[in-house]
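Q: Sharing model-v4.pdb (PDB, C-alpha atoms and all ligand atoms) below.
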```
ATOM      1  CA  MET L 244     -10.926 -20.803  11.180
ATOM      2  CA  ILE L 245     -10.639 -18.252  13.988
ATOM      3  CA  ASP L 246     -11.978 -19.687  17.268
ATOM      4  CA  GLN L 247     -11.394 -19.606  21.030
ATOM      5  CA  TYR L 248      -7.916 -21.163  20.622
ATOM      6  CA  THR L 249      -6.573 -18.797  17.959
ATOM      7  CA  GLU L 250      -3.217 -17.308  18.924
ATOM      8  CA  VAL L 251      -2.476 -13.671  18.092
ATOM      9  CA  TYR L 252       0.702 -12.243  16.534
ATOM     10  CA  GLY L 253       1.233  -8.859  14.931
ATOM     11  CA  VAL L 254       3.418  -6.015  13.764
ATOM     12  CA  ILE L 255       3.687  -2.807  15.799
ATOM     13  CA  GLY L 256       4.795   0.416  14.162
ATOM     14  CA  ASN L 257       3.681   3.871  13.079
ATOM     15  CA  PRO L 258       2.874   4.098  10.244
ATOM     16  CA  VAL L 259       2.178   0.432   9.697
ATOM     17  CA  ARG L 260      -0.642   0.108   7.154
ATOM     18  CA  HIS L 261       1.862  -0.374   4.320
ATOM     19  CA  SER L 262       3.248  -3.494   6.025
ATOM     20  CA  LEU L 263       3.020  -6.761   4.133
ATOM     21  CA  GLY L 264       3.761  -8.708   7.321
ATOM     22  CA  PRO L 265       0.087  -9.739   7.694
ATOM     23  CA  VAL L 266      -0.047 -11.042   4.101
ATOM     24  CA  MET L 267       3.205 -12.986   4.539
ATOM     25  CA  HIS L 268       2.653 -14.462   8.006
ATOM     26  CA  ASN L 269      -1.035 -15.314   7.610
ATOM     27  CA  ALA L 270      -0.158 -17.207   4.399
ATOM     28  CA  ALA L 271       2.498 -19.107   6.382
ATOM     29  CA  PHE L 272       0.121 -19.945   9.261
ATOM     30  CA  ARG L 273      -2.511 -21.182   6.767
ATOM     31  CA  GLU L 274       0.007 -23.284   4.882
ATOM     32  CA  LYS L 275       1.255 -24.945   8.085
ATOM     33  CA  GLY L 276      -2.268 -25.413   9.535
ATOM     34  CA  ILE L 277      -1.442 -23.273  12.596
ATOM     35  CA  ASN L 278      -4.413 -21.760  14.441
ATOM     36  CA  ALA L 279      -3.006 -18.220  14.609
ATOM     37  CA  VAL L 280      -3.620 -14.793  13.157
ATOM     38  CA  TYR L 281      -1.181 -11.918  12.488
ATOM     39  CA  LEU L 282      -2.476  -8.333  12.620
ATOM     40  CA  ALA L 283      -1.124  -4.806  12.092
ATOM     41  CA  PHE L 284      -1.202  -2.546  15.161
ATOM     42  CA  GLU L 285      -0.587   1.158  14.516
ATOM     43  CA  ILE L 286       0.429   2.328  17.969
ATOM     44  CA  THR L 287       1.336   5.648  19.575
ATOM     45  CA  ASP L 288       2.146   4.594  23.139
ATOM     46  CA  LEU L 289       4.744   1.834  23.275
ATOM     47  CA  LYS L 290       4.536   1.357  27.059
ATOM     48  CA  ASP L 291       0.760   0.787  26.943
ATOM     49  CA  CYS L 292       1.184  -1.472  23.920
ATOM     50  CA  ILE L 293       3.627  -3.744  25.751
ATOM     51  CA  LYS L 294       1.294  -3.887  28.771
ATOM     52  CA  GLY L 295      -1.441  -4.995  26.369
ATOM     53  CA  VAL L 296       0.814  -7.626  24.781
ATOM     54  CA  ARG L 297       1.514  -9.090  28.212
ATOM     55  CA  SER L 298      -2.054  -8.995  29.494
ATOM     56  CA  LEU L 299      -3.660 -10.313  26.294
ATOM     57  CA  GLY L 300      -1.000 -12.988  25.855
ATOM     58  CA  ILE L 301      -0.046 -11.909  22.329
ATOM     59  CA  LYS L 302       2.431 -14.586  21.267
ATOM     60  CA  GLY L 303       4.826 -12.643  19.106
ATOM     61  CA  LEU L 304       5.530  -9.286  17.478
ATOM     62  CA  SER L 305       7.328  -7.832  14.542
ATOM     63  CA  VAL L 306       8.606  -4.349  15.366
ATOM     64  CA  THR L 307       9.031  -1.649  12.759
ATOM     65  CA  ILE L 308       9.687   2.095  12.399
ATOM     66  CA  PRO L 309      10.092   3.920  14.781
ATOM     67  CA  PHE L 310      10.191   1.436  17.689
ATOM     68  CA  LYS L 311      13.086  -0.948  16.955
ATOM     69  CA  SER L 312      15.377   0.637  19.556
ATOM     70  CA  ASP L 313      12.738   2.237  21.805
ATOM     71  CA  ILE L 314      11.249  -1.170  22.631
ATOM     72  CA  ILE L 315      14.428  -2.485  24.286
ATOM     73  CA  PRO L 316      13.794  -1.167  27.850
ATOM     74  CA  PHE L 317      10.359  -2.815  27.867
ATOM     75  CA  LEU L 318      11.682  -6.334  27.185
ATOM     76  CA  ASP L 319      12.746  -9.000  29.696
ATOM     77  CA  ASP L 320      15.565 -10.417  27.607
ATOM     78  CA  MET L 321      17.399 -10.063  24.272
ATOM     79  CA  ASP L 322      19.565 -12.388  22.240
ATOM     80  CA  ASP L 323      23.222 -11.442  21.697
ATOM     81  CA  LEU L 324      22.741 -10.374  18.087
ATOM     82  CA  ALA L 325      19.906  -7.917  18.884
ATOM     83  CA  GLU L 326      21.906  -6.624  21.828
ATOM     84  CA  GLY L 327      24.978  -6.060  19.654
ATOM     85  CA  ILE L 328      22.957  -4.298  16.965
ATOM     86  CA  GLY L 329      20.937  -2.284  19.476
ATOM     87  CA  ALA L 330      17.692  -2.894  17.572
ATOM     88  CA  VAL L 331      14.899  -5.449  17.897
ATOM     89  CA  ASN L 332      12.566  -6.354  15.022
ATOM     90  CA  THR L 333      11.080  -9.498  16.594
ATOM     91  CA  VAL L 334       9.613 -10.285  20.008
ATOM     92  CA  VAL L 335       8.793 -13.763  21.282
ATOM     93  CA  ASN L 336       6.422 -14.111  24.232
ATOM     94  CA  GLU L 337       7.894 -17.061  26.128
ATOM     95  CA  LYS L 338       5.233 -17.821  28.757
ATOM     96  CA  GLY L 339       4.964 -14.157  29.748
ATOM     97  CA  ARG L 340       8.655 -13.240  29.284
ATOM     98  CA  LEU L 341       9.236 -11.001  26.267
ATOM     99  CA  LYS L 342      12.492 -11.725  24.428
ATOM    100  CA  GLY L 343      13.863  -9.523  21.630
ATOM    101  CA  HIS L 344      15.628 -10.730  18.479
ATOM    102  CA  ASN L 345      16.852  -9.165  15.256
ATOM    103  CA  THR L 346      16.079 -11.098  12.081
ATOM    104  CA  ASP L 347      16.818  -8.192   9.667
ATOM    105  CA  ALA L 348      20.506  -9.084   9.906
ATOM    106  CA  ALA L 349      20.127 -12.738   8.923
ATOM    107  CA  GLY L 350      17.556 -11.829   6.252
ATOM    108  CA  ALA L 351      19.892  -9.349   4.567
ATOM    109  CA  LEU L 352      22.884 -11.701   4.693
ATOM    110  CA  ARG L 353      20.918 -14.591   3.183
ATOM    111  CA  ALA L 354      19.558 -12.354   0.396
ATOM    112  CA  LEU L 355      23.087 -11.219  -0.459
ATOM    113  CA  GLU L 356      24.758 -14.600  -0.155
ATOM    114  CA  GLU L 357      22.307 -16.349  -2.455
ATOM    115  CA  LYS L 358      23.479 -14.012  -5.232
ATOM    116  CA  THR L 359      27.161 -13.424  -4.519
ATOM    117  CA  ASP L 360      30.124 -14.683  -2.539
ATOM    118  CA  VAL L 361      30.661 -11.962   0.055
ATOM    119  CA  SER L 362      33.972 -13.262   1.419
ATOM    120  CA  GLY L 363      36.718 -10.643   1.535
ATOM    121  CA  LYS L 364      34.476  -7.986  -0.030
ATOM    122  CA  ARG L 365      34.132  -4.307   0.786
ATOM    123  CA  ALA L 366      30.535  -3.135   1.339
ATOM    124  CA  ILE L 367      29.233   0.433   1.360
ATOM    125  CA  ILE L 368      26.007   0.799   3.347
ATOM    126  CA  ILE L 369      23.870   3.901   2.820
ATOM    127  CA  GLY L 370      21.928   4.574   6.028
ATOM    128  CA  ALA L 371      22.674   4.258   9.719
ATOM    129  CA  GLY L 372      19.174   3.592  11.074
ATOM    130  CA  GLY L 373      17.852   0.277  12.404
ATOM    131  CA  ALA L 374      18.307  -1.619   9.132
ATOM    132  CA  GLY L 375      21.702  -0.064   8.345
ATOM    133  CA  ARG L 376      22.953  -1.029  11.809
ATOM    134  CA  ALA L 377      21.699  -4.620  11.469
ATOM    135  CA  ILE L 378      23.292  -5.044   8.039
ATOM    136  CA  GLY L 379      26.546  -3.376   9.094
ATOM    137  CA  PHE L 380      26.773  -5.591  12.151
ATOM    138  CA  VAL L 381      26.146  -8.878  10.351
ATOM    139  CA  LEU L 382      28.458  -8.087   7.414
ATOM    140  CA  LYS L 383      31.193  -7.059   9.818
ATOM    141  CA  GLN L 384      30.703 -10.349  11.698
ATOM    142  CA  ARG L 385      30.961 -12.127   8.335
ATOM    143  CA  GLY L 386      34.376 -10.504   7.840
ATOM    144  CA  LEU L 387      33.570  -7.821   5.243
ATOM    145  CA  GLU L 388      35.185  -4.408   5.237
ATOM    146  CA  ILE L 389      32.413  -1.855   5.851
ATOM    147  CA  VAL L 390      31.926   1.782   4.869
ATOM    148  CA  ILE L 391      28.919   3.752   6.165
ATOM    149  CA  ALA L 392      27.433   6.655   4.200
ATOM    150  CA  ASN L 393      24.657   8.621   5.882
ATOM    151  CA  ARG L 394      22.853  11.948   5.749
ATOM    152  CA  SER L 395      23.430  12.829   9.404
ATOM    153  CA  VAL L 396      27.065  12.589  10.367
ATOM    154  CA  ASP L 397      26.592  12.126  14.137
ATOM    155  CA  ARG L 398      24.438   9.035  13.754
ATOM    156  CA  ALA L 399      26.818   7.568  11.184
ATOM    157  CA  MET L 400      29.871   8.214  13.341
ATOM    158  CA  GLN L 401      28.236   6.442  16.268
ATOM    159  CA  LEU L 402      27.676   3.367  14.102
ATOM    160  CA  CYS L 403      31.187   3.583  12.627
ATOM    161  CA  ARG L 404      32.660   3.652  16.107
ATOM    162  CA  SER L 405      30.723   0.580  17.210
ATOM    163  CA  LEU L 406      31.635  -1.307  14.016
ATOM    164  CA  GLY L 407      35.174   0.029  13.790
ATOM    165  CA  CYS L 408      34.612   1.098  10.193
ATOM    166  CA  GLU L 409      34.973   4.043   7.818
ATOM    167  CA  PHE L 410      32.503   6.887   7.217
ATOM    168  CA  ILE L 411      31.935   8.638   3.899
ATOM    169  CA  GLN L 412      29.768  11.638   3.064
ATOM    170  CA  LEU L 413      26.891  10.799   0.717
ATOM    171  CA  ASP L 414      28.191  13.388  -1.777
ATOM    172  CA  ASN L 415      31.570  11.633  -1.909
ATOM    173  CA  LEU L 416      30.145   8.243  -2.889
ATOM    174  CA  PRO L 417      31.207   8.603  -6.534
ATOM    175  CA  ASP L 418      34.848   8.541  -5.348
ATOM    176  CA  ALA L 419      34.369   5.551  -3.031
ATOM    177  CA  HIS L 420      35.516   2.060  -3.829
ATOM    178  CA  GLY L 421      33.326  -0.918  -2.918
ATOM    179  CA  ASP L 422      32.278  -4.326  -4.263
ATOM    180  CA  ILE L 423      28.798  -4.144  -2.729
ATOM    181  CA  LEU L 424      26.539  -1.086  -2.362
ATOM    182  CA  ILE L 425      23.394  -1.299  -0.209
ATOM    183  CA  ASN L 426      20.601   1.234   0.189
ATOM    184  CA  ALA L 427      19.285   0.983   3.754
ATOM    185  CA  THR L 428      17.289   4.242   3.661
ATOM    186  CA  PRO L 429      13.618   4.687   2.709
ATOM    187  CA  VAL L 430      14.590   6.992  -0.196
ATOM    188  CA  GLY L 431      12.832   5.756  -3.354
ATOM    189  CA  MET L 432      10.088   3.848  -1.555
ATOM    190  CA  SER L 433       6.516   4.078  -2.872
ATOM    191  CA  PRO L 434       4.969   6.627  -3.393
ATOM    192  CA  ASP L 435       8.222   8.640  -3.847
ATOM    193  CA  MET L 436       9.540   6.306  -6.505
ATOM    194  CA  ASP L 437      11.390   8.765  -8.750
ATOM    195  CA  ILE L 438      14.186   9.559  -6.278
ATOM    196  CA  SER L 439      17.441   7.812  -5.394
ATOM    197  CA  PRO L 440      19.741   8.406  -2.397
ATOM    198  CA  VAL L 441      22.826   8.675  -4.680
ATOM    199  CA  SER L 442      23.852  10.008  -8.077
ATOM    200  CA  GLU L 443      24.490   7.577 -10.939
ATOM    201  CA  LYS L 444      28.253   8.054 -10.589
ATOM    202  CA  ALA L 445      28.148   6.040  -7.342
ATOM    203  CA  PHE L 446      27.573   2.869  -9.392
ATOM    204  CA  LYS L 447      30.624   1.141 -10.898
ATOM    205  CA  GLU L 448      30.428  -1.668 -13.427
ATOM    206  CA  GLY L 449      30.468  -5.104 -11.772
ATOM    207  CA  MET L 450      29.255  -3.888  -8.347
ATOM    208  CA  VAL L 451      26.601  -5.882  -6.527
ATOM    209  CA  VAL L 452      23.863  -3.387  -5.641
ATOM    210  CA  MET L 453      21.091  -4.188  -3.171
ATOM    211  CA  ASP L 454      18.122  -2.032  -2.184
ATOM    212  CA  ILE L 455      16.273  -3.207   0.918
ATOM    213  CA  ILE L 456      13.115  -1.425  -0.236
ATOM    214  CA  TYR L 457      10.676  -3.949  -1.747
ATOM    215  CA  ASN L 458       7.903  -1.584  -2.857
ATOM    216  CA  PRO L 459       8.471  -0.953  -5.742
ATOM    217  CA  PHE L 460      10.305  -4.156  -6.768
ATOM    218  CA  LYS L 461      12.743  -2.110  -8.803
ATOM    219  CA  THR L 462      13.562   1.252  -7.223
ATOM    220  CA  ARG L 463      15.179   4.063  -9.169
ATOM    221  CA  PHE L 464      18.401   3.209  -7.276
ATOM    222  CA  LEU L 465      18.348  -0.318  -8.754
ATOM    223  CA  ALA L 466      17.198   0.769 -12.212
ATOM    224  CA  VAL L 467      20.121   3.191 -12.552
ATOM    225  CA  ALA L 468      22.555   0.619 -11.123
ATOM    226  CA  GLU L 469      21.446  -1.847 -13.794
ATOM    227  CA  THR L 470      22.097   0.619 -16.600
ATOM    228  CA  ARG L 471      25.624   1.078 -15.176
ATOM    229  CA  GLY L 472      26.396  -2.656 -15.432
ATOM    230  CA  CYS L 473      25.773  -3.652 -11.798
ATOM    231  CA  MET L 474      24.158  -6.859 -10.544
ATOM    232  CA  VAL L 475      21.020  -5.851  -8.631
ATOM    233  CA  ILE L 476      19.093  -7.412  -5.744
ATOM    234  CA  ASN L 477      15.737  -5.996  -4.610
ATOM    235  CA  GLY L 478      14.403  -5.883  -1.034
ATOM    236  CA  LEU L 479      11.905  -8.733  -1.352
ATOM    237  CA  PRO L 480      14.270 -11.641  -0.556
ATOM    238  CA  MET L 481      15.491  -9.885   2.607
ATOM    239  CA  PHE L 482      11.898  -9.260   3.676
ATOM    240  CA  ILE L 483      10.915 -12.894   3.106
ATOM    241  CA  TYR L 484      14.030 -14.305   4.808
ATOM    242  CA  GLN L 485      13.736 -12.059   7.879
ATOM    243  CA  GLY L 486      10.065 -13.116   8.070
ATOM    244  CA  ALA L 487      11.017 -16.794   7.737
ATOM    245  CA  GLU L 488      13.396 -16.390  10.695
ATOM    246  CA  GLN L 489      10.591 -14.795  12.716
ATOM    247  CA  PHE L 490       8.245 -17.649  11.862
ATOM    248  CA  GLY L 491      10.874 -20.124  13.082
ATOM    249  CA  LEU L 492      11.349 -18.243  16.357
ATOM    250  CA  TRP L 493       7.594 -18.099  17.005
ATOM    251  CA  THR L 494       6.600 -21.630  16.001
ATOM    252  CA  GLY L 495       9.788 -23.719  16.075
ATOM    253  CA  LEU L 496       8.926 -24.836  12.519
ATOM    254  CA  ASP L 497      10.589 -24.326   9.131
ATOM    255  CA  ALA L 498       8.882 -21.461   7.346
ATOM    256  CA  PRO L 499       7.063 -22.143   4.054
ATOM    257  CA  ILE L 500       9.268 -19.672   2.195
ATOM    258  CA  ALA L 501       7.854 -20.256  -1.304
ATOM    259  CA  VAL L 502       4.279 -19.688  -0.078
ATOM    260  CA  MET L 503       5.270 -16.518   1.804
ATOM    261  CA  ASN L 504       7.119 -15.188  -1.237
ATOM    262  CA  GLU L 505       4.201 -15.922  -3.556
ATOM    263  CA  ALA L 506       1.670 -14.231  -1.233
ATOM    264  CA  VAL L 507       3.740 -11.042  -0.935
ATOM    265  CA  LYS L 508       4.581 -10.909  -4.654
ATOM    266  CA  LYS L 509       0.915 -11.328  -5.554
ATOM    267  CA  ARG L 510      -0.114  -8.526  -3.213
ATOM    268  CA  LEU L 511       2.600  -6.197  -4.538
ATOM    269  CA  ALA L 512       1.681  -6.965  -8.148
ATOM    270  CA  SER L 513      -2.004  -6.194  -7.415
ATOM    271  CA  GLY L 514      -0.930  -2.686  -6.333
ATOM    272  CA  SER L 515      -3.268  -2.771  -3.295
TER     273      SER L 515
HETATM  274  P1  LIG F 601      15.322   4.249  10.187
HETATM  275  O1  LIG F 601      15.829   3.600  11.417
HETATM  276  O2  LIG F 601      14.298   5.321  10.286
HETATM  277  O3  LIG F 601      16.620   4.824   9.382
HETATM  278  C1  LIG F 601      16.454   5.509   8.175
HETATM  279  C2  LIG F 601      17.811   5.839   7.568
HETATM  280  O4  LIG F 601      17.580   6.437   6.302
HETATM  281  C3  LIG F 601      18.629   6.826   8.376
HETATM  282  O5  LIG F 601      19.986   6.510   8.218
HETATM  283  C4  LIG F 601      18.300   8.162   7.710
HETATM  284  O6  LIG F 601      19.345   9.101   7.786
HETATM  285  C5  LIG F 601      18.165   7.746   6.272
HETATM  286  N1  LIG F 601      17.283   8.637   5.543
HETATM  287  C6  LIG F 601      15.957   8.823   5.757
HETATM  288  N2  LIG F 601      15.478   9.736   4.888
HETATM  289  C7  LIG F 601      16.535  10.144   4.129
HETATM  290  C8  LIG F 601      16.688  11.084   3.069
HETATM  291  N3  LIG F 601      15.633  11.777   2.600
HETATM  292  N4  LIG F 601      17.897  11.224   2.516
HETATM  293  C9  LIG F 601      18.965  10.521   2.972
HETATM  294  N5  LIG F 601      18.892   9.624   3.982
HETATM  295  C10 LIG F 601      17.681   9.445   4.550
HETATM  296  O7  LIG F 601      14.708   3.172   9.183
HETATM  297  P2  LIG F 601      15.125   1.620   9.019
HETATM  298  O8  LIG F 601      14.345   0.785   9.961
HETATM  299  O9  LIG F 601      16.590   1.525   9.018
HETATM  300  O10 LIG F 601      14.529   1.313   7.555
HETATM  301  C11 LIG F 601      15.080   1.889   6.398
HETATM  302  C12 LIG F 601      14.352   1.352   5.170
HETATM  303  O11 LIG F 601      14.580  -0.052   5.073
HETATM  304  C13 LIG F 601      12.829   1.516   5.205
HETATM  305  O12 LIG F 601      12.408   1.842   3.902
HETATM  306  C14 LIG F 601      12.324   0.140   5.587
HETATM  307  O13 LIG F 601      11.023  -0.114   5.083
HETATM  308  C15 LIG F 601      13.357  -0.747   4.890
HETATM  309  N6  LIG F 601      13.497  -2.066   5.522
HETATM  310  C16 LIG F 601      13.382  -3.168   4.719
HETATM  311  C17 LIG F 601      13.525  -4.415   5.272
HETATM  312  C18 LIG F 601      13.378  -5.647   4.412
HETATM  313  O14 LIG F 601      13.185  -6.722   4.982
HETATM  314  N7  LIG F 601      13.473  -5.562   3.100
HETATM  315  C19 LIG F 601      13.823  -4.568   6.634
HETATM  316  C20 LIG F 601      13.974  -3.408   7.420
HETATM  317  C21 LIG F 601      13.811  -2.157   6.847
HETATM  318  P3  LIG F 601      19.504  10.091   9.051
HETATM  319  O15 LIG F 601      20.307   9.314  10.059
HETATM  320  O16 LIG F 601      20.225  11.236   8.487
HETATM  321  O17 LIG F 601      18.112  10.405   9.528
END
```
Output the file's structure as structure tokens, nothing else.
A:
Amino acid sequence: MIDQYTEVYGVIGNPVRHSLGPVMHNAAFREKGINAVYLAFEITDLKDCIKGVRSLGIKGLSVTIPFKSDIIPFLDDMDDLAEGIGAVNTVVNEKGRLKGHNTDAAGALRALEEKTDVSGKRAIIIGAGGAGRAIGFVLKQRGLEIVIANRSVDRAMQLCRSLGCEFIQLDNLPDAHGDILINATPVGMSPDMDISPVSEKAFKEGMVVMDIIYNPFKTRFLAVAETRGCMVINGLPMFIYQGAEQFGLWTGLDAPIAVMNEAVKKRLASGS
């Protein structure tokens, strides 16, 4: 029941109406009996938005495209992981002080590790944006050998320098060797579901292939990988696990992961 004590959380981004954050987090608040609501805010002016967050006492934010790096100068503090990655996807309002975190990294690692042992593996990450950086950073920390493939070379080289890793042109992926291949670009996301960021030759039998897109459940990238004998992981577990981390940061409680997963799956299956 929304009343005079209801606390407000939300996701900021542009566009943001596709976000399933509200479905996931409101299901979690309900399940845990927390008097809070999570909304989607499609914003154009980040500075004004942050002023509003402070003055209205909004308790926490998810941050999505295109603000994950732009938000940093407006925050009072950041944890070491977000600072290292250079991208924030979560803000906690600690009595008026806004602190930035990055839960994409932990979400991606947990999604991978529940399906495969990543120790000593070589991972190729397609994309050098906010998500690609977070995944590259956490896998590097976990001791994997990393290769970055990206459309724009400058952006990729910047990430490769900070990770101390190799760069490969997207067109050369069929010649690359890797145990794990991850799509961290939006290519193949609904409604453009019939495209893939790579040709089928990039997939080698036995590879673990993860797409961080979760709408659709099975992208063309994953469908082709499966026909080539790869083990595939869709973007839903990462989304749920990064959300569970956010819930923990905001409330100090364990997230009701099964309930969050069910709510998001149901919404995706309904097609709305
Ligand atoms: P971003 O910062 O905008 O980066 C996008 C990346 O994709 C860039 O490397 C960009 O390359 C590349 N790219 C974009 N369009 C491309 C195209 N047509 N062909 C080849 N490469 C292209 O976005 P992000 O925050 O990293 O998010 C990327 C995707 O991950 C989005 O679909 C987002 O929804 C998803 N995501 C999922 C989760 C999850 O929990 N499952 C979490 C975070 C993000 P350039 O550098 O050349 O522009």
Q: Leaving out Glu409 (chain L) and any residue of its chain fewer than 2 positions from it, which residues lie within 9 Å of it when counting all atoms listed in the file, given as a PyMOL selection string?
A: chain L and resi 388-392+400+403-404+406-407+411
Q: Using all atoms listed in the file, which residues of the polymer chains come no farther than 6 Å from ligand LIG 601 (chain F)? I'd like the answer as a PyMOL selection string.
A: chain L and resi 308+347+370-375+393-395+398+427-430+440+455-457+478-479+481-482
Q: Could you tell me which residues the PyMOL selection byres (((chain L and resi 485) around 12) and not hetatm) returns for this structure, as a VMD selection string?
A: chain L and resid 264 267 to 268 305 to 306 332 to 333 344 to 354 374 377 to 378 455 478 to 484 486 to 492 498 500 503 to 504
Q: Rounded to one decimal place, report the CA of Leu341 (chain L)-CA of Asn257 (chain L) distance in Å.
A: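 Separation of CA of Leu341 (chain L) and CA of Asn257 (chain L): 20.6 Å.
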Q: Check what the PyMOL selection byres (((chain L and resi 290) around 12) and not hetatm) selects in the file above and give those residues as a list in words.
A: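 Applying the PyMOL selection byres (((chain L and resi 290) around 12) and not hetatm) to the structure shown produces Ile286, Thr287, Asp288, Leu289, Asp291, Cys292, Ile293, Lys294, Gly295, Val296, Arg297, Phe310, Asp313, Ile314, Ile315, Pro316, Phe317 and Leu318 of chain L.
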Q: Keeping C-alpha atoms for every residue in the selection just given, could you write it to a file as a CSV table (one decimal), in the frame of the given file?
A:
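And here's selection13.csv as it stands now:
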```
chain,number,residue,atom,x,y,z
L,286,ILE,CA,0.4,2.3,18.0
L,287,THR,CA,1.3,5.6,19.6
L,288,ASP,CA,2.1,4.6,23.1
L,289,LEU,CA,4.7,1.8,23.3
L,291,ASP,CA,0.8,0.8,26.9
L,292,CYS,CA,1.2,-1.5,23.9
L,293,ILE,CA,3.6,-3.7,25.8
L,294,LYS,CA,1.3,-3.9,28.8
L,295,GLY,CA,-1.4,-5.0,26.4
L,296,VAL,CA,0.8,-7.6,24.8
L,297,ARG,CA,1.5,-9.1,28.2
L,310,PHE,CA,10.2,1.4,17.7
L,313,ASP,CA,12.7,2.2,21.8
L,314,ILE,CA,11.2,-1.2,22.6
L,315,ILE,CA,14.4,-2.5,24.3
L,316,PRO,CA,13.8,-1.2,27.8
L,317,PHE,CA,10.4,-2.8,27.9
L,318,LEU,CA,11.7,-6.3,27.2
```
Q: Would you work out the distance separating CA of Ala279 (chain L) from CA of Asn458 (chain L), expressed in Å to one decimal?
A: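 Computing it gives 26.5 Å between the two atoms.
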